[in-house]
Structure formats: C-alpha cells, structure tokens
>>> print(open('query-v1.txt').read())   # compact mmCIF, N, CA and C atoms
# COMPACT_ATOMS: atom_id res chain seq x y z
N MET A 1 -48.83 13.23 -27.36
CA MET A 1 -48.41 12.03 -26.68
C MET A 1 -47.43 12.35 -25.55
N THR A 2 -46.54 13.28 -25.81
CA THR A 2 -45.59 13.64 -24.76
C THR A 2 -46.28 14.33 -23.59
N ALA A 3 -47.34 15.07 -23.87
CA ALA A 3 -48.08 15.72 -22.79
C ALA A 3 -48.73 14.68 -21.89
N ILE A 4 -49.25 13.61 -22.48
CA ILE A 4 -49.87 12.55 -21.68
C ILE A 4 -48.81 11.86 -20.82
N LEU A 5 -47.67 11.56 -21.43
CA LEU A 5 -46.60 10.90 -20.68
C LEU A 5 -46.08 11.81 -19.55
N GLN A 6 -45.98 13.09 -19.81
CA GLN A 6 -45.53 14.02 -18.77
C GLN A 6 -46.54 14.12 -17.64
N SER A 7 -47.83 14.12 -17.97
CA SER A 7 -48.83 14.19 -16.91
C SER A 7 -48.84 12.91 -16.07
N ILE A 8 -48.62 11.76 -16.71
CA ILE A 8 -48.53 10.51 -15.96
C ILE A 8 -47.31 10.53 -15.05
N HIS A 9 -46.19 11.00 -15.57
CA HIS A 9 -44.97 11.08 -14.77
C HIS A 9 -45.15 12.04 -13.60
N LYS A 10 -45.80 13.17 -13.84
CA LYS A 10 -46.05 14.14 -12.78
C LYS A 10 -46.94 13.55 -11.70
N PHE A 11 -47.99 12.83 -12.10
CA PHE A 11 -48.88 12.19 -11.14
C PHE A 11 -48.12 11.14 -10.33
N GLU A 12 -47.31 10.33 -11.01
CA GLU A 12 -46.54 9.30 -10.31
C GLU A 12 -45.57 9.92 -9.30
N PHE A 13 -44.92 10.99 -9.69
CA PHE A 13 -43.97 11.68 -8.81
C PHE A 13 -44.68 12.25 -7.57
N SER A 14 -45.81 12.91 -7.77
CA SER A 14 -46.53 13.48 -6.63
C SER A 14 -47.14 12.40 -5.74
N PHE A 15 -47.64 11.32 -6.35
CA PHE A 15 -48.21 10.22 -5.57
C PHE A 15 -47.14 9.56 -4.71
N TYR A 16 -45.94 9.39 -5.27
CA TYR A 16 -44.84 8.81 -4.51
C TYR A 16 -44.50 9.67 -3.30
N HIS A 17 -44.46 10.98 -3.49
CA HIS A 17 -44.13 11.87 -2.38
C HIS A 17 -45.24 11.92 -1.33
N ILE A 18 -46.48 11.81 -1.76
CA ILE A 18 -47.58 11.76 -0.80
C ILE A 18 -47.48 10.48 0.04
N LEU A 19 -47.20 9.34 -0.60
CA LEU A 19 -47.05 8.09 0.15
C LEU A 19 -45.86 8.14 1.09
N GLN A 20 -44.79 8.76 0.64
CA GLN A 20 -43.61 8.89 1.49
C GLN A 20 -43.92 9.77 2.71
N TRP A 21 -44.63 10.85 2.50
CA TRP A 21 -45.01 11.73 3.62
C TRP A 21 -45.91 10.97 4.59
N PHE A 22 -46.90 10.24 4.04
CA PHE A 22 -47.82 9.48 4.89
C PHE A 22 -47.07 8.44 5.70
N GLY A 23 -46.11 7.74 5.08
CA GLY A 23 -45.33 6.74 5.80
C GLY A 23 -44.47 7.34 6.89
N ASP A 24 -43.98 8.54 6.65
CA ASP A 24 -43.16 9.21 7.67
C ASP A 24 -43.99 9.70 8.84
N HIS A 25 -45.21 10.14 8.59
CA HIS A 25 -46.04 10.71 9.65
C HIS A 25 -46.94 9.69 10.34
N HIS A 26 -47.23 8.59 9.67
CA HIS A 26 -48.11 7.57 10.25
C HIS A 26 -47.48 6.20 10.04
N PRO A 27 -46.43 5.87 10.78
CA PRO A 27 -45.72 4.61 10.52
C PRO A 27 -46.54 3.36 10.84
N TYR A 28 -47.37 3.40 11.87
CA TYR A 28 -48.13 2.21 12.24
C TYR A 28 -49.24 1.92 11.24
N ILE A 29 -49.89 2.96 10.76
CA ILE A 29 -50.95 2.76 9.77
C ILE A 29 -50.36 2.28 8.46
N SER A 30 -49.23 2.85 8.05
CA SER A 30 -48.62 2.41 6.80
C SER A 30 -48.08 0.99 6.92
N PHE A 31 -47.57 0.60 8.08
CA PHE A 31 -47.13 -0.77 8.30
C PHE A 31 -48.31 -1.73 8.19
N ALA A 32 -49.42 -1.38 8.82
CA ALA A 32 -50.61 -2.23 8.75
C ALA A 32 -51.13 -2.32 7.32
N ALA A 33 -51.09 -1.21 6.61
CA ALA A 33 -51.56 -1.23 5.22
C ALA A 33 -50.66 -2.08 4.34
N ALA A 34 -49.35 -2.01 4.57
CA ALA A 34 -48.41 -2.75 3.73
C ALA A 34 -48.43 -4.24 4.00
N PHE A 35 -48.61 -4.64 5.25
CA PHE A 35 -48.47 -6.05 5.59
C PHE A 35 -49.77 -6.76 5.94
N ILE A 36 -50.87 -6.04 6.05
CA ILE A 36 -52.15 -6.69 6.36
C ILE A 36 -53.17 -6.39 5.27
N VAL A 37 -53.41 -5.13 4.99
CA VAL A 37 -54.48 -4.74 4.06
C VAL A 37 -54.14 -5.12 2.63
N LEU A 38 -52.94 -4.83 2.17
CA LEU A 38 -52.59 -5.11 0.78
C LEU A 38 -52.59 -6.61 0.44
N PRO A 39 -52.04 -7.49 1.26
CA PRO A 39 -52.15 -8.92 0.92
C PRO A 39 -53.59 -9.43 0.90
N VAL A 40 -54.41 -8.96 1.83
CA VAL A 40 -55.81 -9.38 1.84
C VAL A 40 -56.53 -8.86 0.59
N ALA A 41 -56.24 -7.63 0.21
CA ALA A 41 -56.84 -7.07 -1.00
C ALA A 41 -56.38 -7.82 -2.24
N MET A 42 -55.11 -8.21 -2.28
CA MET A 42 -54.58 -8.97 -3.41
C MET A 42 -55.29 -10.32 -3.55
N VAL A 43 -55.44 -11.03 -2.43
CA VAL A 43 -56.13 -12.32 -2.47
C VAL A 43 -57.58 -12.12 -2.89
N GLY A 44 -58.20 -11.07 -2.43
CA GLY A 44 -59.58 -10.79 -2.83
C GLY A 44 -59.70 -10.49 -4.31
N MET A 45 -58.76 -9.75 -4.88
CA MET A 45 -58.80 -9.45 -6.31
C MET A 45 -58.57 -10.71 -7.15
N VAL A 46 -57.68 -11.58 -6.69
CA VAL A 46 -57.46 -12.85 -7.40
C VAL A 46 -58.73 -13.69 -7.35
N PHE A 47 -59.38 -13.73 -6.19
CA PHE A 47 -60.63 -14.48 -6.05
C PHE A 47 -61.70 -13.94 -6.99
N LEU A 48 -61.87 -12.62 -7.01
CA LEU A 48 -62.91 -12.03 -7.86
C LEU A 48 -62.60 -12.23 -9.35
N GLY A 49 -61.34 -12.10 -9.71
CA GLY A 49 -60.97 -12.31 -11.11
C GLY A 49 -61.18 -13.74 -11.56
N THR A 50 -60.79 -14.68 -10.70
CA THR A 50 -60.99 -16.09 -11.03
C THR A 50 -62.47 -16.43 -11.10
N THR A 51 -63.24 -15.90 -10.18
CA THR A 51 -64.68 -16.14 -10.19
C THR A 51 -65.32 -15.57 -11.44
N ALA A 52 -64.90 -14.39 -11.85
CA ALA A 52 -65.47 -13.76 -13.05
C ALA A 52 -65.16 -14.56 -14.30
N ILE A 53 -64.06 -15.29 -14.32
CA ILE A 53 -63.72 -16.10 -15.48
C ILE A 53 -64.38 -17.47 -15.42
N VAL A 54 -64.33 -18.11 -14.26
CA VAL A 54 -64.78 -19.50 -14.14
C VAL A 54 -66.30 -19.61 -14.04
N LEU A 55 -66.95 -18.67 -13.40
CA LEU A 55 -68.40 -18.77 -13.19
C LEU A 55 -69.20 -18.84 -14.50
N PRO A 56 -68.94 -17.98 -15.49
CA PRO A 56 -69.67 -18.13 -16.75
C PRO A 56 -69.37 -19.44 -17.48
N ILE A 57 -68.14 -19.92 -17.38
CA ILE A 57 -67.78 -21.19 -18.02
C ILE A 57 -68.54 -22.34 -17.34
N ALA A 58 -68.58 -22.32 -16.02
CA ALA A 58 -69.32 -23.37 -15.30
C ALA A 58 -70.81 -23.31 -15.62
N TRP A 59 -71.34 -22.12 -15.73
CA TRP A 59 -72.77 -22.00 -16.08
C TRP A 59 -73.03 -22.51 -17.49
N PHE A 60 -72.12 -22.19 -18.41
CA PHE A 60 -72.30 -22.62 -19.81
C PHE A 60 -72.26 -24.14 -19.93
N PHE A 61 -71.39 -24.79 -19.21
CA PHE A 61 -71.27 -26.25 -19.31
C PHE A 61 -72.22 -26.99 -18.38
N GLY A 62 -73.06 -26.29 -17.63
CA GLY A 62 -74.10 -26.92 -16.84
C GLY A 62 -73.68 -27.41 -15.47
N TYR A 63 -72.61 -26.89 -14.92
CA TYR A 63 -72.19 -27.29 -13.59
C TYR A 63 -72.89 -26.51 -12.50
N MET A 64 -73.73 -25.57 -12.87
CA MET A 64 -74.42 -24.78 -11.87
C MET A 64 -75.91 -24.98 -11.96
>>> encode(input="query-v1.txt", output="structure tokens")
Amino acid sequence: MTAILQSIHKFEFSFYHILQWFGDHHPYISFAAAFIVLPVAMVGMVFLGTTAIVLPIAWFFGYM
C-alpha cells in the first residue's frame, strides 16, 4: 500500500513540475488553456454526465 501511495505522490510531483515548466515556457498557451479550454471542457463534462443520467430515465418513462 505504501508503494502505491509513493508512486502516486511521485507522479503528482513530476506532473506538477512539468506543468510549471510548461507555464514558464509557454505563457500564452497556458493562459488560453486555463481560461478558455478548461471551462469549456468542464461544461462539456457536466453536459455529458447529466445526459448519461437523464437520457435512460427519460427513455424508461416514455418521454422519448
């Protein structure tokens, strides 16, 4: 169990440093990703999750 937790921590640490390096070397792309791409992706994931839950319920009750 500790080996799994250590590997997760190691991955998180390296991923953080990769993102930090990317933000330092490509500030405009990281700005666009943080303020344009991520909110659009979040709204899309909420839409898909809601659709995946509501669509079978609507089909079951005959609304489709």
>>> select_by_dssp(input="query-v1.txt", residues="chain A", states="alpha helix (DSSP H)", output="number ranges by chain")
A: 2-25, 27-32, 38-60
>>> atom_distance(input="query-v1.txt", atom1="CA of Gly23 in chain A", atom2="CA of Phe11 in chain A")
18.1 Å
>>> atom_distance(input="query-v1.txt", atom1="CA of Trp21 in chain A", atom2="CA of Ala34 in chain A")
14.9 Å
>>> atom_distance(input="query-v1.txt", atom1="atom C of Ser30 in chain A", atom2="CA of Met45 in chain A")
20.0 Å
>>> residues_around(input="query-v1.txt", residues="Leu19 in chain A", least_positions_apart="5", cutoff="12 Å", atoms="only C-alpha atoms", output="VMD selection string")
chain A and resid 12 to 14 24 to 27 29 to 30 33 to 34
>>> decode(input="query-v1.txt", residues="chain A", atoms="C-alpha atoms", output="PDB file, in the first residue's frame")
ATOM      1  CA  MET A   1       0.000   0.000   0.000  1.00  0.00           C
ATOM      2  CA  THR A   2       2.796   2.400   0.780  1.00  0.00           C
ATOM      3  CA  ALA A   3       4.414   1.651  -2.578  1.00  0.00           C
ATOM      4  CA  ILE A   4       1.197   2.633  -4.358  1.00  0.00           C
ATOM      5  CA  LEU A   5       0.913   5.843  -2.354  1.00  0.00           C
ATOM      6  CA  GLN A   6       4.560   6.679  -3.042  1.00  0.00           C
ATOM      7  CA  SER A   7       4.135   6.106  -6.772  1.00  0.00           C
ATOM      8  CA  ILE A   8       1.050   8.349  -6.806  1.00  0.00           C
ATOM      9  CA  HIS A   9       2.951  11.034  -4.907  1.00  0.00           C
ATOM     10  CA  LYS A  10       5.906  10.734  -7.282  1.00  0.00           C
ATOM     11  CA  PHE A  11       3.614  11.051 -10.313  1.00  0.00           C
ATOM     12  CA  GLU A  12       1.865  14.072  -8.790  1.00  0.00           C
ATOM     13  CA  PHE A  13       5.199  15.741  -8.011  1.00  0.00           C
ATOM     14  CA  SER A  14       6.584  15.208 -11.524  1.00  0.00           C
ATOM     15  CA  PHE A  15       3.305  16.255 -13.178  1.00  0.00           C
ATOM     16  CA  TYR A  16       3.282  19.475 -11.154  1.00  0.00           C
ATOM     17  CA  HIS A  17       6.819  20.296 -12.260  1.00  0.00           C
ATOM     18  CA  ILE A  18       6.025  19.531 -15.898  1.00  0.00           C
ATOM     19  CA  LEU A  19       3.028  21.893 -15.755  1.00  0.00           C
ATOM     20  CA  GLN A  20       5.132  24.536 -14.062  1.00  0.00           C
ATOM     21  CA  TRP A  21       7.814  24.240 -16.755  1.00  0.00           C
ATOM     22  CA  PHE A  22       5.177  24.412 -19.498  1.00  0.00           C
ATOM     23  CA  GLY A  23       3.622  27.523 -17.937  1.00  0.00           C
ATOM     24  CA  ASP A  24       7.004  29.200 -17.695  1.00  0.00           C
ATOM     25  CA  HIS A  25       7.968  28.453 -21.304  1.00  0.00           C
ATOM     26  CA  HIS A  26       4.574  28.887 -22.975  1.00  0.00           C
ATOM     27  CA  PRO A  27       2.640  31.550 -21.052  1.00  0.00           C
ATOM     28  CA  TYR A  28       0.083  32.340 -23.765  1.00  0.00           C
ATOM     29  CA  ILE A  29      -0.848  28.724 -24.390  1.00  0.00           C
ATOM     30  CA  SER A  30      -1.145  28.004 -20.676  1.00  0.00           C
ATOM     31  CA  PHE A  31      -3.281  31.137 -20.208  1.00  0.00           C
ATOM     32  CA  ALA A  32      -5.584  30.037 -23.011  1.00  0.00           C
ATOM     33  CA  ALA A  33      -5.775  26.538 -21.575  1.00  0.00           C
ATOM     34  CA  ALA A  34      -6.558  27.803 -18.077  1.00  0.00           C
ATOM     35  CA  PHE A  35      -9.197  30.366 -19.005  1.00  0.00           C
ATOM     36  CA  ILE A  36     -10.729  29.078 -22.245  1.00  0.00           C
ATOM     37  CA  VAL A  37     -10.183  25.345 -22.736  1.00  0.00           C
ATOM     38  CA  LEU A  38     -10.712  24.149 -19.156  1.00  0.00           C
ATOM     39  CA  PRO A  39     -14.056  25.927 -18.566  1.00  0.00           C
ATOM     40  CA  VAL A  40     -15.396  24.688 -21.901  1.00  0.00           C
ATOM     41  CA  ALA A  41     -14.239  21.157 -21.087  1.00  0.00           C
ATOM     42  CA  MET A  42     -15.861  21.389 -17.643  1.00  0.00           C
ATOM     43  CA  VAL A  43     -19.207  22.449 -19.115  1.00  0.00           C
ATOM     44  CA  GLY A  44     -18.935  19.654 -21.657  1.00  0.00           C
ATOM     45  CA  MET A  45     -18.272  17.046 -18.961  1.00  0.00           C
ATOM     46  CA  VAL A  46     -21.253  18.279 -16.929  1.00  0.00           C
ATOM     47  CA  PHE A  47     -23.410  18.082 -20.057  1.00  0.00           C
ATOM     48  CA  LEU A  48     -22.280  14.542 -20.865  1.00  0.00           C
ATOM     49  CA  GLY A  49     -22.698  13.362 -17.283  1.00  0.00           C
ATOM     50  CA  THR A  50     -26.173  14.830 -17.000  1.00  0.00           C
ATOM     51  CA  THR A  51     -27.156  13.363 -20.348  1.00  0.00           C
ATOM     52  CA  ALA A  52     -25.869   9.936 -19.342  1.00  0.00           C
ATOM     53  CA  ILE A  53     -28.054  10.017 -16.234  1.00  0.00           C
ATOM     54  CA  VAL A  54     -31.206  11.673 -17.584  1.00  0.00           C
ATOM     55  CA  LEU A  55     -31.423  10.033 -21.023  1.00  0.00           C
ATOM     56  CA  PRO A  56     -32.051   6.460 -19.776  1.00  0.00           C
ATOM     57  CA  ILE A  57     -34.596   7.755 -17.238  1.00  0.00           C
ATOM     58  CA  ALA A  58     -36.446   9.690 -19.950  1.00  0.00           C
ATOM     59  CA  TRP A  59     -36.419   6.645 -22.212  1.00  0.00           C
ATOM     60  CA  PHE A  60     -37.716   4.415 -19.409  1.00  0.00           C
ATOM     61  CA  PHE A  61     -40.631   6.718 -18.609  1.00  0.00           C
ATOM     62  CA  GLY A  62     -41.545   7.171 -22.287  1.00  0.00           C
ATOM     63  CA  TYR A  63     -40.546  10.776 -22.868  1.00  0.00           C
ATOM     64  CA  MET A  64     -38.510   9.830 -25.903  1.00  0.00           C
TER      65      MET A  64
END
